[in-house]
>>> print(open('structure_28.pdb').read())   # PDB, C-alpha atoms
ATOM      1  CA  MET A   1    -151.892   1.661   4.913  1.00  0.00           C
ATOM      2  CA  LYS A   2    -148.579   0.321   6.170  1.00  0.00           C
ATOM      3  CA  ALA A   3    -145.843   2.918   6.812  1.00  0.00           C
ATOM      4  CA  PHE A   4    -142.319   2.429   5.440  1.00  0.00           C
ATOM      5  CA  PRO A   5    -139.645   1.785   8.025  1.00  0.00           C
ATOM      6  CA  GLN A   6    -137.523   4.841   8.884  1.00  0.00           C
ATOM      7  CA  ASN A   7    -134.217   3.305   7.725  1.00  0.00           C
ATOM      8  CA  ILE A   8    -135.642   2.493   4.270  1.00  0.00           C
ATOM      9  CA  LEU A   9    -136.729   6.105   3.807  1.00  0.00           C
ATOM     10  CA  LYS A  10    -133.282   7.360   4.806  1.00  0.00           C
ATOM     11  CA  MET A  11    -131.599   5.057   2.301  1.00  0.00           C
ATOM     12  CA  ALA A  12    -133.889   6.236  -0.494  1.00  0.00           C
ATOM     13  CA  LEU A  13    -133.146   9.874   0.325  1.00  0.00           C
ATOM     14  CA  LEU A  14    -129.394   9.173   0.342  1.00  0.00           C
ATOM     15  CA  ARG A  15    -129.606   7.514  -3.085  1.00  0.00           C
ATOM     16  CA  ARG A  16    -131.491  10.440  -4.555  1.00  0.00           C
ATOM     17  CA  ARG A  17    -128.934  12.903  -3.173  1.00  0.00           C
ATOM     18  CA  SER A  18    -126.040  10.846  -4.545  1.00  0.00           C
ATOM     19  CA  ARG A  19    -127.526  11.005  -8.047  1.00  0.00           C
ATOM     20  CA  LYS A  20    -127.586  14.846  -8.162  1.00  0.00           C
ATOM     21  CA  GLY A  21    -123.812  15.283  -8.981  1.00  0.00           C
ATOM     22  CA  PHE A  22    -121.056  13.687 -11.102  1.00  0.00           C
ATOM     23  CA  SER A  23    -118.074  11.800  -9.916  1.00  0.00           C
ATOM     24  CA  LEU A  24    -114.522  13.083 -10.622  1.00  0.00           C
ATOM     25  CA  VAL A  25    -113.973  10.250 -13.086  1.00  0.00           C
ATOM     26  CA  GLU A  26    -117.080  11.248 -15.053  1.00  0.00           C
ATOM     27  CA  VAL A  27    -115.941  14.884 -15.160  1.00  0.00           C
ATOM     28  CA  LEU A  28    -112.464  13.915 -16.384  1.00  0.00           C
ATOM     29  CA  LEU A  29    -113.915  11.656 -19.063  1.00  0.00           C
ATOM     30  CA  ALA A  30    -116.201  14.441 -20.256  1.00  0.00           C
ATOM     31  CA  LEU A  31    -113.276  16.886 -20.412  1.00  0.00           C
ATOM     32  CA  ALA A  32    -111.194  14.350 -22.348  1.00  0.00           C
ATOM     33  CA  VAL A  33    -113.979  13.865 -24.919  1.00  0.00           C
ATOM     34  CA  LEU A  34    -114.428  17.630 -25.207  1.00  0.00           C
ATOM     35  CA  GLY A  35    -110.679  18.112 -25.667  1.00  0.00           C
ATOM     36  CA  LEU A  36    -110.528  15.519 -28.421  1.00  0.00           C
ATOM     37  CA  ALA A  37    -113.455  17.177 -30.182  1.00  0.00           C
ATOM     38  CA  ILE A  38    -111.751  20.595 -30.008  1.00  0.00           C
ATOM     39  CA  LEU A  39    -108.459  19.185 -31.327  1.00  0.00           C
ATOM     40  CA  THR A  40    -110.305  17.544 -34.222  1.00  0.00           C
ATOM     41  CA  ILE A  41    -112.072  20.804 -35.115  1.00  0.00           C
ATOM     42  CA  VAL A  42    -108.794  22.784 -34.923  1.00  0.00           C
ATOM     43  CA  GLY A  43    -107.089  20.206 -37.158  1.00  0.00           C
ATOM     44  CA  LEU A  44    -109.871  20.446 -39.723  1.00  0.00           C
ATOM     45  CA  LEU A  45    -109.694  24.252 -39.674  1.00  0.00           C
ATOM     46  CA  ASN A  46    -105.908  24.216 -40.126  1.00  0.00           C
ATOM     47  CA  ALA A  47    -106.248  21.830 -43.073  1.00  0.00           C
ATOM     48  CA  ALA A  48    -108.921  24.060 -44.605  1.00  0.00           C
ATOM     49  CA  PHE A  49    -106.800  27.218 -44.185  1.00  0.00           C
ATOM     50  CA  GLU A  50    -103.757  25.447 -45.646  1.00  0.00           C
ATOM     51  CA  SER A  51    -105.772  24.257 -48.622  1.00  0.00           C
ATOM     52  CA  VAL A  52    -107.069  27.779 -49.272  1.00  0.00           C
ATOM     53  CA  SER A  53    -103.532  29.177 -48.995  1.00  0.00           C
ATOM     54  CA  GLN A  54    -102.148  26.593 -51.434  1.00  0.00           C
ATOM     55  CA  ASN A  55    -104.964  27.232 -53.909  1.00  0.00           C
ATOM     56  CA  LEU A  56    -104.327  30.979 -53.733  1.00  0.00           C
ATOM     57  CA  GLN A  57    -100.584  30.466 -54.230  1.00  0.00           C
ATOM     58  CA  THR A  58    -101.182  28.164 -57.188  1.00  0.00           C
ATOM     59  CA  SER A  59    -103.570  30.695 -58.728  1.00  0.00           C
ATOM     60  CA  GLN A  60    -100.959  33.433 -58.386  1.00  0.00           C
ATOM     61  CA  ALA A  61     -98.283  31.138 -59.858  1.00  0.00           C
ATOM     62  CA  LEU A  62    -100.524  30.509 -62.887  1.00  0.00           C
ATOM     63  CA  ASN A  63    -100.791  34.272 -63.382  1.00  0.00           C
ATOM     64  CA  VAL A  64     -96.992  34.480 -63.246  1.00  0.00           C
ATOM     65  CA  TYR A  65     -96.699  31.658 -65.786  1.00  0.00           C
ATOM     66  CA  SER A  66     -99.104  33.445 -68.129  1.00  0.00           C
ATOM     67  CA  ARG A  67     -97.076  36.645 -67.755  1.00  0.00           C
ATOM     68  CA  VAL A  68     -93.810  34.832 -68.530  1.00  0.00           C
ATOM     69  CA  ASP A  69     -95.424  33.213 -71.575  1.00  0.00           C
ATOM     70  CA  ARG A  70     -96.453  36.629 -72.868  1.00  0.00           C
ATOM     71  CA  ALA A  71     -92.987  38.085 -72.273  1.00  0.00           C
ATOM     72  CA  MET A  72     -91.394  35.220 -74.212  1.00  0.00           C
ATOM     73  CA  GLN A  73     -93.424  36.360 -77.216  1.00  0.00           C
ATOM     74  CA  ASN A  74     -92.432  39.998 -76.669  1.00  0.00           C
ATOM     75  CA  ILE A  75     -88.863  40.210 -75.386  1.00  0.00           C
ATOM     76  CA  SER A  76     -89.202  43.981 -74.828  1.00  0.00           C
ATOM     77  CA  GLU A  77     -91.312  43.329 -71.738  1.00  0.00           C
ATOM     78  CA  PHE A  78     -88.279  42.137 -69.760  1.00  0.00           C
ATOM     79  CA  THR A  79     -86.665  44.769 -67.533  1.00  0.00           C
ATOM     80  CA  ASP A  80     -83.484  45.010 -65.461  1.00  0.00           C
ATOM     81  CA  SER A  81     -83.406  45.510 -61.687  1.00  0.00           C
ATOM     82  CA  SER A  82     -83.805  49.277 -62.126  1.00  0.00           C
ATOM     83  CA  GLY A  83     -87.051  48.841 -64.064  1.00  0.00           C
ATOM     84  CA  SER A  84     -85.544  49.857 -67.422  1.00  0.00           C
ATOM     85  CA  THR A  85     -86.457  47.844 -70.519  1.00  0.00           C
ATOM     86  CA  LYS A  86     -83.815  45.222 -71.183  1.00  0.00           C
ATOM     87  CA  TYR A  87     -84.459  45.035 -74.921  1.00  0.00           C
ATOM     88  CA  PRO A  88     -86.051  48.252 -76.219  1.00  0.00           C
ATOM     89  CA  GLN A  89     -88.307  47.589 -79.184  1.00  0.00           C
ATOM     90  CA  THR A  90     -86.598  50.269 -81.252  1.00  0.00           C
ATOM     91  CA  SER A  91     -83.169  48.668 -80.904  1.00  0.00           C
ATOM     92  CA  LEU A  92     -84.029  45.040 -81.670  1.00  0.00           C
ATOM     93  CA  GLU A  93     -81.742  43.598 -84.330  1.00  0.00           C
ATOM     94  CA  LYS A  94     -83.027  40.004 -84.341  1.00  0.00           C
ATOM     95  CA  THR A  95     -86.374  38.255 -84.214  1.00  0.00           C
ATOM     96  CA  GLN A  96     -88.087  37.721 -80.862  1.00  0.00           C
ATOM     97  CA  PHE A  97     -87.432  33.984 -81.142  1.00  0.00           C
ATOM     98  CA  GLU A  98     -83.703  34.490 -81.712  1.00  0.00           C
ATOM     99  CA  TYR A  99     -83.383  36.571 -78.535  1.00  0.00           C
ATOM    100  CA  VAL A 100     -85.172  33.923 -76.461  1.00  0.00           C
ATOM    101  CA  TYR A 101     -83.138  31.178 -78.121  1.00  0.00           C
ATOM    102  CA  ASP A 102     -79.842  32.893 -77.283  1.00  0.00           C
ATOM    103  CA  LEU A 103     -80.956  33.341 -73.666  1.00  0.00           C
ATOM    104  CA  VAL A 104     -81.820  29.691 -73.032  1.00  0.00           C
ATOM    105  CA  ARG A 105     -79.957  27.544 -75.596  1.00  0.00           C
ATOM    106  CA  SER A 106     -77.326  26.492 -73.042  1.00  0.00           C
ATOM    107  CA  LYS A 107     -79.604  26.434 -69.969  1.00  0.00           C
ATOM    108  CA  THR A 108     -80.141  22.733 -69.307  1.00  0.00           C
ATOM    109  CA  GLY A 109     -81.596  22.862 -65.792  1.00  0.00           C
ATOM    110  CA  GLN A 110     -79.240  20.125 -64.612  1.00  0.00           C
ATOM    111  CA  SER A 111     -78.185  22.213 -61.628  1.00  0.00           C
ATOM    112  CA  TRP A 112     -79.882  25.021 -59.721  1.00  0.00           C
ATOM    113  CA  SER A 113     -77.809  27.762 -61.344  1.00  0.00           C
ATOM    114  CA  ASP A 114     -78.043  26.267 -64.844  1.00  0.00           C
ATOM    115  CA  ALA A 115     -81.177  28.194 -65.786  1.00  0.00           C
ATOM    116  CA  LEU A 116     -82.469  31.562 -66.891  1.00  0.00           C
ATOM    117  CA  PHE A 117     -83.597  33.504 -63.791  1.00  0.00           C
ATOM    118  CA  LEU A 118     -86.567  35.841 -63.776  1.00  0.00           C
ATOM    119  CA  VAL A 119     -88.201  37.709 -60.918  1.00  0.00           C
ATOM    120  CA  CYS A 120     -91.894  38.508 -61.248  1.00  0.00           C
ATOM    121  CA  TYR A 121     -93.534  41.140 -59.037  1.00  0.00           C
ATOM    122  CA  ASN A 122     -96.455  43.552 -58.898  1.00  0.00           C
ATOM    123  CA  ARG A 123     -95.398  47.170 -59.313  1.00  0.00           C
ATOM    124  CA  ARG A 124     -97.464  49.948 -57.760  1.00  0.00           C
ATOM    125  CA  LEU A 125     -98.168  52.464 -60.519  1.00  0.00           C
ATOM    126  CA  ASN A 126     -99.665  55.061 -58.161  1.00  0.00           C
ATOM    127  CA  PRO A 127     -97.703  54.702 -54.882  1.00  0.00           C
ATOM    128  CA  ASP A 128     -99.186  57.897 -53.447  1.00  0.00           C
ATOM    129  CA  ASP A 129    -102.779  56.733 -53.779  1.00  0.00           C
ATOM    130  CA  GLU A 130    -103.631  54.379 -50.904  1.00  0.00           C
ATOM    131  CA  GLN A 131    -107.327  54.243 -51.697  1.00  0.00           C
ATOM    132  CA  ALA A 132    -107.211  52.835 -55.248  1.00  0.00           C
ATOM    133  CA  PRO A 133    -103.908  51.043 -55.865  1.00  0.00           C
ATOM    134  CA  GLN A 134    -103.071  50.242 -59.482  1.00  0.00           C
ATOM    135  CA  LEU A 135    -100.757  47.272 -59.975  1.00  0.00           C
ATOM    136  CA  ALA A 136     -98.910  45.995 -63.037  1.00  0.00           C
ATOM    137  CA  MET A 137     -97.084  42.648 -63.094  1.00  0.00           C
ATOM    138  CA  GLN A 138     -93.531  43.065 -64.346  1.00  0.00           C
ATOM    139  CA  ILE A 139     -90.590  40.720 -64.962  1.00  0.00           C
ATOM    140  CA  ILE A 140     -86.941  41.340 -64.186  1.00  0.00           C
ATOM    141  CA  LEU A 141     -84.478  39.380 -66.327  1.00  0.00           C
ATOM    142  CA  ALA A 142     -81.325  38.596 -64.358  1.00  0.00           C
ATOM    143  CA  ASP A 143     -78.042  38.076 -66.207  1.00  0.00           C
ATOM    144  CA  SER A 144     -77.190  35.367 -63.645  1.00  0.00           C
ATOM    145  CA  GLU A 145     -78.313  34.075 -60.258  1.00  0.00           C
ATOM    146  CA  GLY A 146     -75.961  36.582 -58.617  1.00  0.00           C
ATOM    147  CA  ASP A 147     -77.715  39.417 -60.451  1.00  0.00           C
ATOM    148  CA  LEU A 148     -81.120  38.856 -58.814  1.00  0.00           C
ATOM    149  CA  PRO A 149     -82.711  42.059 -57.477  1.00  0.00           C
ATOM    150  CA  THR A 150     -82.181  42.993 -53.831  1.00  0.00           C
ATOM    151  CA  LYS A 151     -84.822  44.295 -51.449  1.00  0.00           C
ATOM    152  CA  SER A 152     -83.656  47.863 -52.036  1.00  0.00           C
ATOM    153  CA  ASP A 153     -84.014  47.307 -55.797  1.00  0.00           C
ATOM    154  CA  LEU A 154     -87.596  46.132 -55.366  1.00  0.00           C
ATOM    155  CA  ASP A 155     -88.379  48.891 -52.864  1.00  0.00           C
ATOM    156  CA  SER A 156     -87.265  51.466 -55.428  1.00  0.00           C
ATOM    157  CA  LEU A 157     -89.670  49.854 -57.908  1.00  0.00           C
ATOM    158  CA  ASP A 158     -92.617  50.198 -55.483  1.00  0.00           C
ATOM    159  CA  PHE A 159     -93.294  46.463 -55.411  1.00  0.00           C
ATOM    160  CA  GLU A 160     -96.362  45.218 -53.583  1.00  0.00           C
ATOM    161  CA  GLY A 161     -97.474  41.770 -52.455  1.00  0.00           C
ATOM    162  CA  ASN A 162     -95.753  38.502 -53.219  1.00  0.00           C
ATOM    163  CA  VAL A 163     -92.645  38.232 -55.375  1.00  0.00           C
ATOM    164  CA  TYR A 164     -91.826  35.104 -57.406  1.00  0.00           C
ATOM    165  CA  LEU A 165     -88.599  33.584 -58.683  1.00  0.00           C
ATOM    166  CA  VAL A 166     -88.840  31.864 -62.069  1.00  0.00           C
ATOM    167  CA  ARG A 167     -86.317  29.368 -63.460  1.00  0.00           C
ATOM    168  CA  VAL A 168     -86.465  28.686 -67.196  1.00  0.00           C
ATOM    169  CA  PHE A 169     -84.501  25.985 -69.002  1.00  0.00           C
ATOM    170  CA  ILE A 170     -84.655  23.634 -71.983  1.00  0.00           C
ATOM    171  CA  SER A 171     -87.464  21.131 -71.526  1.00  0.00           C
ATOM    172  CA  PRO A 172     -86.479  17.452 -71.214  1.00  0.00           C
ATOM    173  CA  GLN A 173     -89.329  16.839 -73.678  1.00  0.00           C
ATOM    174  CA  LEU A 174     -86.877  17.870 -76.388  1.00  0.00           C
ATOM    175  CA  SER A 175     -84.812  14.733 -75.775  1.00  0.00           C
ATOM    176  CA  GLY A 176     -84.509  12.519 -78.860  1.00  0.00           C
ATOM    177  CA  GLN A 177     -85.553  15.278 -81.266  1.00  0.00           C
ATOM    178  CA  ARG A 178     -83.349  16.117 -84.230  1.00  0.00           C
ATOM    179  CA  THR A 179     -82.627  19.762 -83.464  1.00  0.00           C
ATOM    180  CA  THR A 180     -79.739  20.581 -85.809  1.00  0.00           C
ATOM    181  CA  MET A 181     -79.599  21.379 -89.497  1.00  0.00           C
ATOM    182  CA  ASP A 182     -76.781  22.495 -91.747  1.00  0.00           C
ATOM    183  CA  SER A 183     -76.448  25.822 -93.554  1.00  0.00           C
ATOM    184  CA  ASN A 184     -78.474  24.431 -96.447  1.00  0.00           C
ATOM    185  CA  GLY A 185     -81.413  23.578 -94.224  1.00  0.00           C
ATOM    186  CA  GLU A 186     -80.781  19.838 -94.309  1.00  0.00           C
ATOM    187  CA  MET A 187     -81.732  18.020 -91.082  1.00  0.00           C
ATOM    188  CA  LEU A 188     -78.795  16.277 -89.396  1.00  0.00           C
ATOM    189  CA  ASN A 189     -79.147  12.887 -87.710  1.00  0.00           C
ATOM    190  CA  THR A 190     -77.782  14.081 -84.376  1.00  0.00           C
ATOM    191  CA  THR A 191     -80.448  14.211 -81.663  1.00  0.00           C
ATOM    192  CA  TYR A 192     -80.720  16.290 -78.521  1.00  0.00           C
ATOM    193  CA  SER A 193     -80.121  14.596 -75.178  1.00  0.00           C
ATOM    194  CA  VAL A 194     -80.959  16.021 -71.747  1.00  0.00           C
ATOM    195  CA  GLY A 195     -78.098  18.108 -70.407  1.00  0.00           C
ATOM    196  CA  GLY A 196     -76.755  19.057 -73.826  1.00  0.00           C
ATOM    197  CA  SER A 197     -76.696  22.472 -75.467  1.00  0.00           C
ATOM    198  CA  LEU A 198     -78.629  23.429 -78.560  1.00  0.00           C
ATOM    199  CA  PRO A 199     -76.921  24.621 -81.773  1.00  0.00           C
ATOM    200  CA  ALA A 200     -74.920  27.820 -81.309  1.00  0.00           C
ATOM    201  CA  SER A 201     -77.226  29.769 -83.626  1.00  0.00           C
ATOM    202  CA  ALA A 202     -80.972  29.788 -84.110  1.00  0.00           C
ATOM    203  CA  ASP A 203     -80.228  29.680 -87.841  1.00  0.00           C
ATOM    204  CA  THR A 204     -79.137  26.033 -87.508  1.00  0.00           C
ATOM    205  CA  TYR A 205     -81.869  25.067 -85.022  1.00  0.00           C
ATOM    206  CA  ALA A 206     -84.139  22.711 -86.940  1.00  0.00           C
ATOM    207  CA  LEU A 207     -87.484  22.911 -85.111  1.00  0.00           C
ATOM    208  CA  ALA A 208     -90.253  25.474 -85.493  1.00  0.00           C
ATOM    209  CA  TYR A 209     -90.712  25.735 -81.736  1.00  0.00           C
ATOM    210  CA  LEU A 210     -88.642  25.747 -78.561  1.00  0.00           C
ATOM    211  CA  PRO A 211     -90.028  23.811 -75.551  1.00  0.00           C
ATOM    212  CA  LEU A 212     -89.011  25.194 -72.179  1.00  0.00           C
ATOM    213  CA  THR A 213     -89.628  24.195 -68.582  1.00  0.00           C
ATOM    214  CA  VAL A 214     -90.831  26.987 -66.285  1.00  0.00           C
ATOM    215  CA  GLU A 215     -90.474  26.532 -62.515  1.00  0.00           C
ATOM    216  CA  ILE A 216     -92.044  29.110 -60.187  1.00  0.00           C
ATOM    217  CA  TYR A 217     -90.925  29.600 -56.577  1.00  0.00           C
ATOM    218  CA  PRO A 218     -91.618  32.127 -53.820  1.00  0.00           C
ATOM    219  CA  TYR A 219     -88.848  34.731 -53.915  1.00  0.00           C
ATOM    220  CA  SER A 220     -87.214  35.458 -50.575  1.00  0.00           C
ATOM    221  CA  VAL A 221     -86.809  39.213 -50.883  1.00  0.00           C
ATOM    222  CA  GLY A 222     -83.540  40.296 -49.287  1.00  0.00           C
ATOM    223  CA  ALA A 223     -82.074  36.784 -48.996  1.00  0.00           C
ATOM    224  CA  SER A 224     -78.436  36.532 -50.059  1.00  0.00           C
ATOM    225  CA  GLN A 225     -79.166  33.345 -51.984  1.00  0.00           C
ATOM    226  CA  GLN A 226     -82.264  31.372 -52.869  1.00  0.00           C
ATOM    227  CA  SER A 227     -82.402  27.785 -51.639  1.00  0.00           C
ATOM    228  CA  GLU A 228     -82.190  25.127 -54.317  1.00  0.00           C
ATOM    229  CA  SER A 229     -83.960  22.730 -51.941  1.00  0.00           C
ATOM    230  CA  GLN A 230     -87.222  24.618 -52.492  1.00  0.00           C
ATOM    231  CA  ILE A 231     -90.126  22.823 -54.080  1.00  0.00           C
ATOM    232  CA  PRO A 232     -91.647  24.810 -56.959  1.00  0.00           C
ATOM    233  CA  ILE A 233     -95.213  26.026 -56.595  1.00  0.00           C
ATOM    234  CA  LEU A 234     -95.677  25.294 -60.279  1.00  0.00           C
ATOM    235  CA  SER A 235     -93.620  23.467 -62.888  1.00  0.00           C
ATOM    236  CA  GLN A 236     -94.961  23.574 -66.421  1.00  0.00           C
ATOM    237  CA  MET A 237     -93.813  23.406 -70.030  1.00  0.00           C
ATOM    238  CA  LEU A 238     -93.898  26.545 -72.170  1.00  0.00           C
ATOM    239  CA  VAL A 239     -93.614  26.424 -75.962  1.00  0.00           C
ATOM    240  CA  VAL A 240     -92.071  29.397 -77.760  1.00  0.00           C
ATOM    241  CA  PRO A 241     -93.064  29.415 -81.469  1.00  0.00           C
ATOM    242  CA  ARG A 242     -90.574  30.463 -84.096  1.00  0.00           C
TER     243      ARG A 242
END
>>> encode(input="structure_28.pdb", output="structure tokens")
Amino acid sequence: MKAFPQNILKMALLRRRSRKGFSLVEVLLALAVLGLAILTIVGLLNAAFESVSQNLQTSQALNVYSRVDRAMQNISEFTDSSGSTKYPQTSLEKTQFEYVYDLVRSKTGQSWSDALFLVCYNRRLNPDDEQAPQLAMQIILADSEGDLPTKSDLDSLDFEGNVYLVRVFISPQLSGQRTTMDSNGEMLNTTYSVGGSLPASADTYALAYLPLTVEIYPYSVGASQQSESQIPILSQMLVVPR
């Protein structure tokens, strides 16, 4: 059998040795691919966490909306910033609808401050019990934007968790409706247009319902003023029956 020349054997050995490692270019390419993969995974995780956070916030906003809807049917559930009932049931002199009507009849929503302001929060009913907290959602009715509760107000009420600001105003869906009647109950031809006020008294309001727009925002506890550039978490119509 013929032997291989010595130089051919050396070349073969050199080739085999050269194949055992990776070049710097190959290493850099591998790191670049790995980095792109990690960035993609991180981006997907961030999107997933953001989606979960938005869904949770929307769910909480829906709970707030439901609570506001219930309070509009029972005006005695509104409190002031000290936690006292704003309209005690025993001292009501008008129907529930008339109280709501008087609160919102001139609130057109055409500017940030042109609305009824509510603050919705969870109140800790047993602040001394850390093991089994009991929470009740309550609503503060502010006389104006400047009357919104401060952090010290909420601290004194043992608030817990997120706090929400609610703006309520006449729904644009009322536009074009004949909303006024005379003292004899006769419907007048005048129609409501967006930005206008409703009749001065519920007695001359012609419809059997009052459509309102409810906008729910995160409430910046302790801020001197809420930003009107905020985007509402939820904006939905609420109908108050007569």
>>> axis_aligned_box(input="structure_28.pdb", around="range 66-71 of chain A", padding_each_side="4 Å", output="JSON")
{"center_x": -96.0, "center_y": 35.6, "center_z": -70.3, "size_x": 14.1, "size_y": 12.9, "size_z": 13.1}
>>> closest_residue(input="structure_28.pdb", among="A:Ser82, A:Ser91, A:Thr58, A:Ser106", to="Ala142 in chain A", atoms="only C-alpha atoms")
A:Ser82
>>> residues_around(input="structure_28.pdb", residues="range 63-73 of chain A", least_positions_apart="4", cutoff="12 Å", atoms="only C-alpha atoms", output="PyMOL selection string")
chain A and resi 56-59+77-79+85-87+95-101+103-104+116-122+136-141+162-168+209-218+233-242
>>> write_last_selection(input="structure_28.pdb", atoms="C-alpha atoms", output="mmCIF file, in the frame of the given file")
data_model
loop_
_atom_site.group_PDB
_atom_site.id
_atom_site.type_symbol
_atom_site.label_atom_id
_atom_site.label_comp_id
_atom_site.auth_asym_id
_atom_site.auth_seq_id
_atom_site.Cartn_x
_atom_site.Cartn_y
_atom_site.Cartn_z
ATOM 1 C CA LEU A 56 -104.327 30.979 -53.733
ATOM 2 C CA GLN A 57 -100.584 30.466 -54.230
ATOM 3 C CA THR A 58 -101.182 28.164 -57.188
ATOM 4 C CA SER A 59 -103.570 30.695 -58.728
ATOM 5 C CA GLU A 77 -91.312 43.329 -71.738
ATOM 6 C CA PHE A 78 -88.279 42.137 -69.760
ATOM 7 C CA THR A 79 -86.665 44.769 -67.533
ATOM 8 C CA THR A 85 -86.457 47.844 -70.519
ATOM 9 C CA LYS A 86 -83.815 45.222 -71.183
ATOM 10 C CA TYR A 87 -84.459 45.035 -74.921
ATOM 11 C CA THR A 95 -86.374 38.255 -84.214
ATOM 12 C CA GLN A 96 -88.087 37.721 -80.862
ATOM 13 C CA PHE A 97 -87.432 33.984 -81.142
ATOM 14 C CA GLU A 98 -83.703 34.490 -81.712
ATOM 15 C CA TYR A 99 -83.383 36.571 -78.535
ATOM 16 C CA VAL A 100 -85.172 33.923 -76.461
ATOM 17 C CA TYR A 101 -83.138 31.178 -78.121
ATOM 18 C CA LEU A 103 -80.956 33.341 -73.666
ATOM 19 C CA VAL A 104 -81.820 29.691 -73.032
ATOM 20 C CA LEU A 116 -82.469 31.562 -66.891
ATOM 21 C CA PHE A 117 -83.597 33.504 -63.791
ATOM 22 C CA LEU A 118 -86.567 35.841 -63.776
ATOM 23 C CA VAL A 119 -88.201 37.709 -60.918
ATOM 24 C CA CYS A 120 -91.894 38.508 -61.248
ATOM 25 C CA TYR A 121 -93.534 41.140 -59.037
ATOM 26 C CA ASN A 122 -96.455 43.552 -58.898
ATOM 27 C CA ALA A 136 -98.910 45.995 -63.037
ATOM 28 C CA MET A 137 -97.084 42.648 -63.094
ATOM 29 C CA GLN A 138 -93.531 43.065 -64.346
ATOM 30 C CA ILE A 139 -90.590 40.720 -64.962
ATOM 31 C CA ILE A 140 -86.941 41.340 -64.186
ATOM 32 C CA LEU A 141 -84.478 39.380 -66.327
ATOM 33 C CA ASN A 162 -95.753 38.502 -53.219
ATOM 34 C CA VAL A 163 -92.645 38.232 -55.375
ATOM 35 C CA TYR A 164 -91.826 35.104 -57.406
ATOM 36 C CA LEU A 165 -88.599 33.584 -58.683
ATOM 37 C CA VAL A 166 -88.840 31.864 -62.069
ATOM 38 C CA ARG A 167 -86.317 29.368 -63.460
ATOM 39 C CA VAL A 168 -86.465 28.686 -67.196
ATOM 40 C CA TYR A 209 -90.712 25.735 -81.736
ATOM 41 C CA LEU A 210 -88.642 25.747 -78.561
ATOM 42 C CA PRO A 211 -90.028 23.811 -75.551
ATOM 43 C CA LEU A 212 -89.011 25.194 -72.179
ATOM 44 C CA THR A 213 -89.628 24.195 -68.582
ATOM 45 C CA VAL A 214 -90.831 26.987 -66.285
ATOM 46 C CA GLU A 215 -90.474 26.532 -62.515
ATOM 47 C CA ILE A 216 -92.044 29.110 -60.187
ATOM 48 C CA TYR A 217 -90.925 29.600 -56.577
ATOM 49 C CA PRO A 218 -91.618 32.127 -53.820
ATOM 50 C CA ILE A 233 -95.213 26.026 -56.595
ATOM 51 C CA LEU A 234 -95.677 25.294 -60.279
ATOM 52 C CA SER A 235 -93.620 23.467 -62.888
ATOM 53 C CA GLN A 236 -94.961 23.574 -66.421
ATOM 54 C CA MET A 237 -93.813 23.406 -70.030
ATOM 55 C CA LEU A 238 -93.898 26.545 -72.170
ATOM 56 C CA VAL A 239 -93.614 26.424 -75.962
ATOM 57 C CA VAL A 240 -92.071 29.397 -77.760
ATOM 58 C CA PRO A 241 -93.064 29.415 -81.469
ATOM 59 C CA ARG A 242 -90.574 30.463 -84.096
#
>>> atom_distance(input="structure_28.pdb", atom1="CA of Glu186 in chain A", atom2="CA of Tyr205 in chain A")
10.7 Å
>>> atom_distance(input="structure_28.pdb", atom1="CA of Lys107 in chain A", atom2="CA of Ile231 in chain A")
19.4 Å
>>> resolve_selection(input="structure_28.pdb", expression="the PyMOL selection byres ((chain A and resi 189) around 8)", output="number ranges by chain")
A: 178, 180, 187-188, 190-191
>>> atom_distance(input="structure_28.pdb", atom1="CA of Thr108 in chain A", atom2="CA of Leu198 in chain A")
9.4 Å
>>> resolve_selection(input="structure_28.pdb", expression="the PyMOL selection byres ((chain A and resi 172) around 10)", output="ChimeraX atom specification")
/A:108-109,169-171,173-176,192-195,211-213,237
>>> closest_residue(input="structure_28.pdb", among="A:Ser152, A:Glu160, A:Asp147, A:Leu31", to="Asn126 in chain A", atoms="all atoms listed in the file")
A:Glu160
>>> closest_residue(input="structure_28.pdb", among="A:Gly83, A:Gly196, A:Asp102, A:Lys94", to="Phe159 in chain A", atoms="only C-alpha atoms")
A:Gly83
>>> closest_residue(input="structure_28.pdb", among="A:Ser220, A:Ser144, A:Gln131, A:Thr90", to="Ala115 in chain A", atoms="all atoms listed in the file")
A:Ser144
>>> decode(input="structure_28.pdb", residues="range 164-170 of chain A", atoms="N, CA and C atoms", output="short mmCIF file (atom, residue, chain, number, x, y, z; two decimals), in the first residue's frame")
data_model
loop_
_atom_site.label_atom_id
_atom_site.label_comp_id
_atom_site.auth_asym_id
_atom_site.auth_seq_id
_atom_site.Cartn_x
_atom_site.Cartn_y
_atom_site.Cartn_z
N TYR A 164 -60.55 57.30 40.90
CA TYR A 164 -60.97 57.70 39.55
C TYR A 164 -61.74 59.01 39.57
N LEU A 165 -61.46 59.83 38.57
CA LEU A 165 -62.19 61.08 38.36
C LEU A 165 -63.26 60.83 37.30
N VAL A 166 -64.47 61.29 37.56
CA VAL A 166 -65.59 61.07 36.65
C VAL A 166 -66.17 62.43 36.25
N ARG A 167 -66.28 62.66 34.94
CA ARG A 167 -66.94 63.85 34.42
C ARG A 167 -68.29 63.43 33.83
N VAL A 168 -69.35 64.15 34.22
CA VAL A 168 -70.69 63.84 33.75
C VAL A 168 -71.28 65.09 33.12
N PHE A 169 -71.84 64.94 31.93
CA PHE A 169 -72.47 66.09 31.27
C PHE A 169 -73.56 65.60 30.32
N ILE A 170 -74.36 66.55 29.82
CA ILE A 170 -75.46 66.22 28.93
C ILE A 170 -74.93 65.53 27.68
#
